[in-house]
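> File run-v3.csv follows (CSV, C-alpha atoms):
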chain,number,residue,atom,x,y,z
A,281,MET,CA,98.5,150.9,74.9
A,282,PRO,CA,99.6,151.3,78.5
A,283,PRO,CA,103.2,152.5,79.0
A,284,LYS,CA,105.9,150.0,79.8
A,285,ILE,CA,107.0,150.0,83.4
A,286,ARG,CA,110.7,149.5,83.9
A,287,ASP,CA,111.7,147.2,86.7
A,288,ASN,CA,114.7,148.9,88.0
A,289,LYS,CA,116.1,149.9,91.4
A,290,ARG,CA,115.0,153.5,91.1
A,291,ASN,CA,111.3,152.5,90.7
A,292,GLN,CA,111.4,149.9,93.5
A,293,ASP,CA,112.7,152.5,95.9
A,294,LYS,CA,109.6,154.7,95.3
A,295,ILE,CA,107.2,151.8,96.2
A,296,GLN,CA,106.2,152.0,99.9
A,297,LYS,CA,105.6,148.7,101.5
A,298,VAL,CA,102.6,148.6,103.8
A,299,PRO,CA,103.1,146.3,106.8
A,300,TYR,CA,100.5,143.6,107.3
A,301,GLU,CA,98.1,144.3,110.1
A,302,PRO,CA,95.5,141.8,111.3
A,303,LEU,CA,91.9,143.0,111.4
A,304,SER,CA,91.5,144.7,114.7
A,305,LYS,CA,87.7,145.0,114.8
A,306,LEU,CA,84.9,142.8,113.7
A,307,CYS,CA,84.3,142.8,109.9
A,308,PHE,CA,81.6,141.1,108.0
A,309,SER,CA,81.6,139.3,104.6
A,310,PHE,CA,78.5,138.6,102.6
A,311,SER,CA,80.1,136.2,100.2
A,312,HIS,CA,78.6,133.0,101.8
A,313,MET,CA,75.2,134.4,102.6
A,314,THR,CA,72.4,132.0,101.7
A,315,SER,CA,69.6,132.9,99.2
A,316,ASN,CA,67.3,130.4,100.9
A,317,ASN,CA,64.0,132.2,101.4
A,318,ARG,CA,63.5,130.9,105.0
A,319,TYR,CA,66.9,132.1,106.2
A,320,SER,CA,67.3,135.4,104.3
A,321,PHE,CA,65.6,138.8,104.4
A,322,LYS,CA,63.0,137.4,102.0
A,323,LYS,CA,61.4,135.8,105.1
A,324,VAL,CA,60.6,139.2,106.5
A,325,ASP,CA,57.2,140.5,105.5
A,326,ALA,CA,57.1,143.7,103.4
A,327,GLY,CA,55.7,145.8,106.3
A,328,ASN,CA,58.6,145.0,108.6
A,329,LYS,CA,61.4,144.7,106.0
A,330,ALA,CA,62.6,148.4,106.3
A,331,ASN,CA,62.8,148.1,110.1
A,332,ALA,CA,64.6,144.8,109.9
A,333,TYR,CA,67.2,146.2,107.5
A,334,GLU,CA,67.6,149.3,109.8
A,335,LYS,CA,68.1,147.1,112.9
A,336,PHE,CA,70.6,144.9,111.0
A,337,ILE,CA,72.7,147.8,109.8
A,338,GLY,CA,72.6,149.3,113.3
A,339,LYS,CA,73.9,146.0,114.7
A,340,LEU,CA,76.7,145.8,112.1
A,341,ALA,CA,77.7,149.3,113.0
A,342,GLU,CA,77.7,148.5,116.7
A,343,LEU,CA,79.7,145.3,116.3
A,344,SER,CA,82.2,146.9,113.9
A,345,ARG,CA,83.5,149.0,116.8
A,346,ILE,CA,84.6,146.0,118.8
A,347,ASP,CA,86.7,142.8,118.3
A,348,VAL,CA,85.8,139.2,118.7
A,349,ILE,CA,87.0,139.0,122.3
A,350,GLN,CA,84.9,141.9,123.3
A,351,ALA,CA,81.9,140.4,121.5
A,352,HIS,CA,82.3,137.2,123.6
A,353,GLN,CA,82.6,139.2,126.7
A,354,LEU,CA,79.3,141.0,126.0
A,355,GLY,CA,77.5,137.7,126.1
A,356,LYS,CA,74.8,136.3,123.9
A,357,ILE,CA,72.3,139.1,124.3
A,358,ARG,CA,74.4,142.1,123.2
A,359,GLY,CA,77.4,140.3,121.7
A,360,MET,CA,78.1,136.8,120.4
A,361,GLU,CA,77.0,133.3,121.2
A,362,LYS,CA,78.7,130.2,119.8
A,363,ILE,CA,76.4,127.3,118.7
A,364,PRO,CA,77.8,123.9,117.9
A,365,TYR,CA,76.9,122.5,114.4
A,366,LYS,CA,75.1,119.6,115.9
A,367,GLN,CA,72.5,121.9,117.5
A,368,LEU,CA,71.5,123.5,114.2
A,369,SER,CA,68.3,122.4,112.5
A,370,GLU,CA,68.7,120.0,109.6
A,371,SER,CA,68.0,122.7,107.0
A,372,MET,CA,70.5,125.1,108.6
A,373,LYS,CA,73.1,122.3,108.8
A,374,GLN,CA,72.7,121.8,105.0
A,375,ILE,CA,73.0,125.5,104.3
A,376,CYS,CA,76.2,125.7,106.5
A,377,ILE,CA,77.8,122.7,104.9
A,378,ASP,CA,77.0,124.1,101.4
A,379,THR,CA,79.1,127.2,102.1
A,380,GLY,CA,82.3,125.0,102.3
A,381,ILE,CA,83.5,126.9,105.4
A,382,VAL,CA,81.5,125.0,108.0
A,383,SER,CA,82.3,121.4,109.0
A,384,LYS,CA,80.5,119.1,111.3
A,385,ASP,CA,82.9,119.9,114.2
A,386,SER,CA,82.5,123.7,113.7
A,387,LYS,CA,80.7,126.2,115.8
A,388,VAL,CA,78.8,129.1,114.3
A,389,ALA,CA,78.6,132.6,115.8
A,390,VAL,CA,75.2,134.0,116.5
A,391,PHE,CA,74.5,137.7,116.9
A,392,ARG,CA,71.1,138.9,118.1
A,393,PHE,CA,69.4,142.1,116.8
A,394,ASN,CA,66.0,143.8,116.8
A,395,ASN,CA,65.4,143.3,120.5
A,396,GLN,CA,66.7,139.7,120.3
A,397,ASP,CA,63.9,138.8,117.8
A,398,TYR,CA,66.3,138.1,115.0
A,399,ARG,CA,69.6,136.2,114.7
A,400,MET,CA,72.5,136.6,112.3
A,401,ILE,CA,74.4,133.3,111.9
A,402,CYS,CA,78.1,133.6,110.9
A,403,LYS,CA,81.2,131.6,110.7
A,404,ASP,CA,84.5,133.1,111.8
A,405,ASP,CA,87.4,133.0,109.4
A,406,ILE,CA,90.2,130.6,110.1
A,407,MET,CA,92.9,133.1,109.2
A,408,HIS,CA,91.2,136.2,110.6
A,409,PRO,CA,89.2,135.6,113.8
A,410,ASN,CA,87.7,139.1,113.6
A,411,LEU,CA,86.2,138.4,110.1
A,412,MET,CA,82.7,136.9,110.2
A,413,HIS,CA,81.2,135.3,107.1
A,414,ILE,CA,77.4,135.9,107.3
A,415,ILE,CA,75.7,132.7,106.4
A,416,ALA,CA,72.0,133.2,107.2
A,417,PHE,CA,69.4,134.9,109.3
A,418,ASP,CA,66.9,133.4,111.7
A,419,PHE,CA,63.7,135.4,111.8
A,420,ASP,CA,61.4,132.7,113.2
A,421,PHE,CA,63.7,130.8,115.7
A,422,SER,CA,63.9,127.8,113.4
A,423,ALA,CA,67.7,127.7,112.7
A,424,TYR,CA,68.6,125.9,116.0
A,425,ASP,CA,67.2,124.7,119.3
A,426,HIS,CA,66.6,127.8,121.4
A,427,GLY,CA,65.6,125.8,124.4
I need this file expressed as structure tokens, please.

Amino acid sequence: MPPKIRDNKRNQDKIQKVPYEPLSKLCFSFSHMTSNNRYSFKKVDAGNKANAYEKFIGKLAELSRIDVIQAHQLGKIRGMEKIPYKQLSESMKQICIDTGIVSKDSKVAVFRFNNQDYRMICKDDIMHPNLMHIIAFDFDFSAYDHG
């Protein structure tokens, strides 16, 4: 049985309060990532999967050193591009809506990796703009109109 903790002034004085600090660099959450075969790493053939994972981890490491403003400033090739929901393919629209964090008036963030051949599709968090929820991956340019 765990010991009882007394709630008295002496114990409260020993507790240090940590001030809230917003996320200062890009962070990524995998909690809304699709399991759809077309928009996940299942789409990558076995011969290229290790390379795709390596490029993905490298891109996460690179992006984790900057904030959302810097990602915008880098532009779509090295940083971030915003795509309106209406430009997504029908299948990607459904995946986004199913997450519960994307609405029809949202924009998704797109990050390119592996020499721009692959895309990571994310939704920024309402409360923490530097937090990106990874939704899907586009390995065959089918998630939205690239024209």
> Rank A:Asp425, A:Asn410, A:Ala416, A:Phe336 by their smallest atom-to-atom distance to Asp397 in chain A, using all atoms listed in the file, and report the top residue only.
A:Phe336
> Which residues, written as a list in words, have at least one atom at most 10 Å from range 369-372 of chain A, with only C-alpha atoms counted and residues fewer than 2 positions away on the same chain left out?
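Non-adjacent residues within range: Thr314, Asn316, Arg318, Tyr319, Tyr365, Lys366, Gln367, Gln374, Ile375, Cys376, Ile377, Asp378, Ile401, Ile415, Ala416, Phe417, Asp418, Ser422, Ala423, Tyr424 and Asp425 of chain A.
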> Might you pull out every residue within 10 Å of range 341-351 of chain A, with only C-alpha atoms counted and same-chain residues fewer than 2 positions away left off, and present them as a PyMOL selection string?
chain A and resi 303-308+335-339+353-356+358-361+391+404+409-412
> Given 3 Å on each side, where is the centre and what are the edge lengths in Å to one decimal of the axis-aligned box enclosing the listed atoms of range 397-408 of chain A, as AutoDock Vina command-line options?

--center_x 78.4 --center_y 134.7 --center_z 113.5 --size_x 35.0 --size_y 14.2 --size_z 14.6
> Would you mind telling me which residue in A:Ala332, A:Ala326, A:Ile363, A:Met313 lies nearest to Phe393 in chain A when using all atoms listed in the file?
A:Ala332
> Contacts of Ser311 in chain A at 8 Å or less, counting only C-alpha atoms, minus same-chain residues fewer than 2 places along, as a list in words?
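The neighbour list is Ser309, Met313, His413 and Ile414 of chain A.
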> Interatomic distance between CA of Ser386 in chain A and CA of Lys362 in chain A?
9.7 Å
